[in-house]
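Colleague: Sharing a structure, written as structure tokens. Questions coming.
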Amino acid sequence: MKVFISADIEGTAGINFWDEARRHVPGEYSQIQSLMTEEVIAACEGAREAGAEEVLIKDAHATGRNIILERLPEYARIIRNWSGHPDAMMFGLSEDYDAAIYTGYHSKAGTETNPLAHTSNLRIYRVLLNGEVASEFTLNALCAARYDVPSVFLSGDQGICQDAQAFVHGIATVETLIGVGPSTNSIAPRKSRSEIRSGIAAVLAKDTSAMLPPIAPSFELIIEFNNPEDAYKASWYPGAKSHSPRTIAFEHKHFFEILRAYHFMK
């Protein structure tokens with residue numbers, strides 16, 4: 001069995017403030033960097049318990065250089081930094097993987113279940129896909145489905161867990177925290193790691209073949225930016241259309257072209 005892990009940080013148990021997610025603020029960042037790493041290790045251990053022979057991790061937050069390497073188990077591989085490929089947070093995934101797992105994931109832009117909620121960057125107010133507000137998980141689960149890889153597990157805040165359950169039937173989740181205004185109410189990191197490990201082991205023991213989001217026959221991507229300058233720049237992508245001074249749309253029947261457009265427009 002081969003398992004792919006896409007690891008973010010803003011849904012890590014205990015996180016609360018942007019500086020805790022920023023590498024250039026070492027006094028704030030180091031604790032959450034360690035907690036992120038330990039959640040990834042717990043995911044590796046759960047996959048291994050279920051029979052995974054290989055685990056590939058995509059360090060998928062900010063610089064792509066967050067996970068503390070020396071702590072990783074010997075059966076894991078890791079992709080660091082950003083290749084420039086439109087798969088982005090899912091880069092490295094292919095048809096020969098059996099499952100995709102998501103750790104440290106967070107609520108989408110425009111929601112209030114995590115004070116660090118966003119979609120890809122802080123320039124974006126909202127992303128819509130076929131009329132529904134999309135999260136990073138939405139895009140990444142569809143990316144996995146393009147390779148026929150089921151999305152089987154997600155850990156993160158309450159909002160993204162609820163979104164994942166609504167989008168992928170049968171996905172297992174671990175709710176790490178809930179935001180209330182600028183505050184967070186989090187489970188203990190030790191409990192988060194325990195539940196991630198056991199949750200992944202349990203779900204991988206099941207038939208996960210149906211844990212694929214529905215693939216529409218065509219897609220409309222809408223990006224609502226916070227300011228018109230970013231929208232103007234994105235409007236020059238081939239095929240992009242202006243919806244308003246802050247909103248750009250792009251349509252295509254192939255989801256990879258949606259990912260490619262999003263990669264260059266965001």
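Just so we're on the same page: first chain in the structure tokens is A, next is B, and so on; residues restart at 1 for each chain, and ligands are numbered from 1 in the order they show up.
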Write out as a PyMOL selection string the set of residues from region 100-142 of chain A that DSSP, computed on the backbone, places in strand (DSSP E).
Modeller: chain A and resi 100-105+124-129+132-133
Colleague: According to DSSP computed on the backbone, where in region 57-244 of chain A is there alpha helix (DSSP H)? Give the residues as a PyMOL selection string.
Modeller: chain A and resi 136-146+158-167+189-204+228-234
Colleague: Using N, CA and C atoms, can you export the residues from the last selection as a tab-separated table (two decimals), in the first residue's frame?
Modeller:
chain	number	residue	atom	x	y	z
A	136	GLU	N	-9.26	24.78	0.15
A	136	GLU	CA	-8.09	24.10	-0.39
A	136	GLU	C	-8.36	22.60	-0.48
A	137	PHE	N	-9.06	22.06	0.51
A	137	PHE	CA	-9.39	20.64	0.46
A	137	PHE	C	-10.25	20.30	-0.74
A	138	THR	N	-11.23	21.14	-1.07
A	138	THR	CA	-12.07	20.90	-2.24
A	138	THR	C	-11.21	20.67	-3.47
A	139	LEU	N	-10.30	21.61	-3.72
A	139	LEU	CA	-9.44	21.53	-4.90
A	139	LEU	C	-8.52	20.31	-4.83
A	140	ASN	N	-8.00	20.03	-3.64
A	140	ASN	CA	-7.03	18.95	-3.52
A	140	ASN	C	-7.69	17.57	-3.59
A	141	ALA	N	-8.89	17.43	-3.06
A	141	ALA	CA	-9.59	16.15	-3.16
A	141	ALA	C	-9.97	15.87	-4.61
A	142	LEU	N	-10.34	16.91	-5.35
A	142	LEU	CA	-10.63	16.72	-6.78
A	142	LEU	C	-9.36	16.42	-7.56
A	143	CYS	N	-8.26	17.02	-7.14
A	143	CYS	CA	-6.97	16.70	-7.75
A	143	CYS	C	-6.66	15.21	-7.54
A	144	ALA	N	-6.86	14.71	-6.33
A	144	ALA	CA	-6.63	13.29	-6.04
A	144	ALA	C	-7.56	12.41	-6.87
A	145	ALA	N	-8.82	12.83	-6.98
A	145	ALA	CA	-9.79	12.05	-7.75
A	145	ALA	C	-9.40	11.96	-9.22
A	146	ARG	N	-8.72	12.97	-9.70
A	146	ARG	CA	-8.25	12.95	-11.10
A	146	ARG	C	-7.27	11.79	-11.32
A	158	GLN	N	-12.90	22.50	12.98
A	158	GLN	CA	-14.27	22.01	12.87
A	158	GLN	C	-14.88	22.29	11.49
A	159	GLY	N	-14.65	23.50	10.98
A	159	GLY	CA	-15.26	23.89	9.72
A	159	GLY	C	-14.79	23.03	8.55
A	160	ILE	N	-13.49	22.77	8.47
A	160	ILE	CA	-12.99	21.99	7.34
A	160	ILE	C	-13.37	20.52	7.49
A	161	CYS	N	-13.47	20.03	8.73
A	161	CYS	CA	-13.94	18.65	8.92
A	161	CYS	C	-15.38	18.49	8.41
A	162	GLN	N	-16.23	19.45	8.73
A	162	GLN	CA	-17.61	19.39	8.26
A	162	GLN	C	-17.68	19.49	6.74
A	163	ASP	N	-16.88	20.36	6.16
A	163	ASP	CA	-16.85	20.49	4.70
A	163	ASP	C	-16.38	19.19	4.04
A	164	ALA	N	-15.34	18.58	4.61
A	164	ALA	CA	-14.80	17.34	4.05
A	164	ALA	C	-15.83	16.22	4.10
A	165	GLN	N	-16.56	16.12	5.21
A	165	GLN	CA	-17.57	15.07	5.34
A	165	GLN	C	-18.71	15.26	4.35
A	166	ALA	N	-19.04	16.52	4.06
A	166	ALA	CA	-20.11	16.80	3.10
A	166	ALA	C	-19.66	16.54	1.67
A	167	PHE	N	-18.38	16.69	1.42
A	167	PHE	CA	-17.86	16.60	0.05
A	167	PHE	C	-17.43	15.18	-0.33
A	189	PRO	N	-2.71	18.55	21.94
A	189	PRO	CA	-1.93	17.94	20.85
A	189	PRO	C	-1.72	16.46	21.02
A	190	ARG	N	-1.51	16.00	22.24
A	190	ARG	CA	-1.31	14.57	22.47
A	190	ARG	C	-2.55	13.78	22.03
A	191	LYS	N	-3.74	14.30	22.34
A	191	LYS	CA	-4.98	13.63	21.93
A	191	LYS	C	-5.13	13.67	20.41
A	192	SER	N	-4.78	14.81	19.81
A	192	SER	CA	-4.85	14.93	18.35
A	192	SER	C	-4.01	13.85	17.68
A	193	ARG	N	-2.79	13.68	18.16
A	193	ARG	CA	-1.90	12.68	17.55
A	193	ARG	C	-2.46	11.27	17.72
A	194	SER	N	-2.99	10.98	18.90
A	194	SER	CA	-3.56	9.66	19.15
A	194	SER	C	-4.73	9.38	18.21
A	195	GLU	N	-5.61	10.37	18.04
A	195	GLU	CA	-6.79	10.18	17.21
A	195	GLU	C	-6.43	10.13	15.72
A	196	ILE	N	-5.42	10.88	15.32
A	196	ILE	CA	-4.97	10.81	13.93
A	196	ILE	C	-4.42	9.41	13.63
A	197	ARG	N	-3.58	8.93	14.52
A	197	ARG	CA	-2.97	7.60	14.31
A	197	ARG	C	-4.04	6.51	14.22
A	198	SER	N	-4.94	6.48	15.20
A	198	SER	CA	-5.95	5.43	15.23
A	198	SER	C	-6.98	5.61	14.12
A	199	GLY	N	-7.32	6.86	13.81
A	199	GLY	CA	-8.31	7.13	12.78
A	199	GLY	C	-7.84	6.69	11.40
A	200	ILE	N	-6.57	6.93	11.10
A	200	ILE	CA	-6.02	6.52	9.81
A	200	ILE	C	-5.91	5.01	9.72
A	201	ALA	N	-5.43	4.38	10.78
A	201	ALA	CA	-5.32	2.92	10.78
A	201	ALA	C	-6.69	2.29	10.55
A	202	ALA	N	-7.73	2.85	11.19
A	202	ALA	CA	-9.07	2.28	11.07
A	202	ALA	C	-9.65	2.48	9.67
A	203	VAL	N	-9.51	3.67	9.11
A	203	VAL	CA	-10.13	3.92	7.81
A	203	VAL	C	-9.42	3.17	6.69
A	204	LEU	N	-8.10	3.00	6.80
A	204	LEU	CA	-7.37	2.27	5.76
A	204	LEU	C	-7.64	0.77	5.81
A	228	PRO	N	-9.09	45.08	-6.44
A	228	PRO	CA	-9.18	44.99	-7.90
A	228	PRO	C	-7.85	44.83	-8.61
A	229	GLU	N	-6.75	45.20	-7.97
A	229	GLU	CA	-5.45	45.08	-8.62
A	229	GLU	C	-5.10	43.62	-8.90
A	230	ASP	N	-5.33	42.75	-7.91
A	230	ASP	CA	-5.05	41.34	-8.10
A	230	ASP	C	-5.99	40.73	-9.14
A	231	ALA	N	-7.24	41.17	-9.15
A	231	ALA	CA	-8.18	40.68	-10.16
A	231	ALA	C	-7.77	41.12	-11.56
A	232	TYR	N	-7.30	42.33	-11.69
A	232	TYR	CA	-6.86	42.81	-13.00
A	232	TYR	C	-5.71	41.97	-13.54
A	233	LYS	N	-4.75	41.69	-12.67
A	233	LYS	CA	-3.61	40.86	-13.08
A	233	LYS	C	-4.08	39.47	-13.50
A	234	ALA	N	-4.98	38.85	-12.71
A	234	ALA	CA	-5.48	37.52	-13.03
A	234	ALA	C	-6.28	37.50	-14.32
Colleague: Could you check the closest approach to Gly104 (chain A) for each of A:Ser30, A:Ser235, A:Ser218, A:Ser155 and tell me which residue wins, using only C-alpha atoms?
Modeller: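 Under the stated criterion, the closest residue is A:Ser155.
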Colleague: Excluding same-chain residues fewer than 4 positions from region 33-37 of chain A, what lies within 9 Å of it counting only C-alpha atoms, as a PyMOL selection string?
Modeller: chain A and resi 7-9+11-14+20-21+23+29+41-42+66-69+71-72+103-104+189
Colleague: Excluding region 110-125 of chain A and residues on its chain fewer than 3 positions from it, collect all residues at most 8 Å away from it, counting only C-alpha atoms, and give them as a compact mmCIF listing (two decimals) with C-alpha atoms, in the first residue's frame.
Modeller:
# COMPACT_ATOMS: atom_id res chain seq x y z
CA GLU A 10 -3.24 26.17 10.21
CA ASN A 16 -4.16 30.28 17.15
CA PHE A 17 -2.18 33.16 15.64
CA TRP A 18 -0.63 33.88 12.24
CA HIS A 106 -8.12 24.68 7.84
CA SER A 107 -11.40 26.37 7.02
CA SER A 135 -11.63 25.27 0.24
CA GLU A 136 -8.09 24.10 -0.39
CA ASP A 157 -10.57 22.61 12.46
CA GLN A 158 -14.27 22.01 12.87
CA GLY A 159 -15.26 23.89 9.72
CA LEU A 177 -10.03 23.00 17.13
CA ILE A 178 -12.82 25.51 16.64
CA GLY A 179 -12.36 29.23 16.30
CA VAL A 180 -14.48 31.86 18.05
CA GLY A 181 -13.51 35.28 16.76
CA PRO A 182 -9.74 35.56 17.24
CA SER A 183 -9.69 32.77 19.85
CA THR A 184 -9.47 29.00 19.45
CA ILE A 223 -11.93 33.85 -7.66
CA GLU A 224 -13.08 36.85 -5.63
CA PHE A 225 -10.07 38.93 -4.64
CA ASN A 226 -9.85 41.44 -1.82
CA ASN A 227 -8.78 44.21 -4.19
CA ASP A 230 -5.05 41.34 -8.10
CA LYS A 266 -4.30 33.22 -7.49
Colleague: Kindly indicate which residue among A:Lys108, A:Lys206, A:Asp98, A:Ile32 lies nearest to Glu132 (chain A), using only C-alpha atoms for the distances.
Modeller: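 Smallest separation from Glu132 (chain A) among the options: A:Lys108.
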Colleague: I want to know what sits within 7 Å of region 256-265 of chain A, based on only C-alpha atoms, with residues of the same chain fewer than 5 positions away left out; could you give that as a list in words?
Modeller: Pro86, Asp87, Leu221, Ala234 and Tyr237 of chain A
Colleague: Contacts of Ala249 (chain A) at 7 Å or less, counting only C-alpha atoms, minus same-chain residues fewer than 5 places along, as a VMD selection string?
Modeller: chain A and resid 220 to 223 240 to 243
Colleague: Quote the spacing between CA of Thr63 (chain A) and CA of Asn81 (chain A) in Å to one decimal place.
Modeller: 5.8 Å
Colleague: Restricting the calculation to only C-alpha atoms, which member of A:Phe153, A:Gly27, A:Thr176, A:Asn130 is positioned closest to Phe250 (chain A)?
Modeller: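 Ranking A:Phe153, A:Gly27, A:Thr176, A:Asn130 by distance to Phe250 (chain A), first place goes to A:Asn130.
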Colleague: Report, in Å to a single decimal, how far apart CA of Met1 (chain A) and CA of Glu95 (chain A) are.
Modeller: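 Computing the Euclidean distance for CA of Glu95 (chain A) and CA of Met1 (chain A) yields 12.3 Å.
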Colleague: CA of Gly51 (chain A) and CA of Val3 (chain A) are how many Å apart?
Modeller: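 Separation between CA of Gly51 (chain A) and CA of Val3 (chain A): 9.8 Å.
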Colleague: Given only C-alpha atoms as the basis, pick out the residue of A:Asn185, A:Ser6, A:Ser209, A:Thr247 nearest to Leu128 (chain A).
Modeller: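 Answer, going by the shortest atom-to-atom distance: A:Thr247.
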Colleague: List as a list of chain:residue names the protein and nucleic acid residues near Arg77 (chain A), meaning an atom at most 7 Å away when only C-alpha atoms are counted, but skip any in the same chain fewer than 3 places from it.
Modeller: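 Here the qualifying residues turn out to be A:Val55, A:Leu56, A:Ile57.
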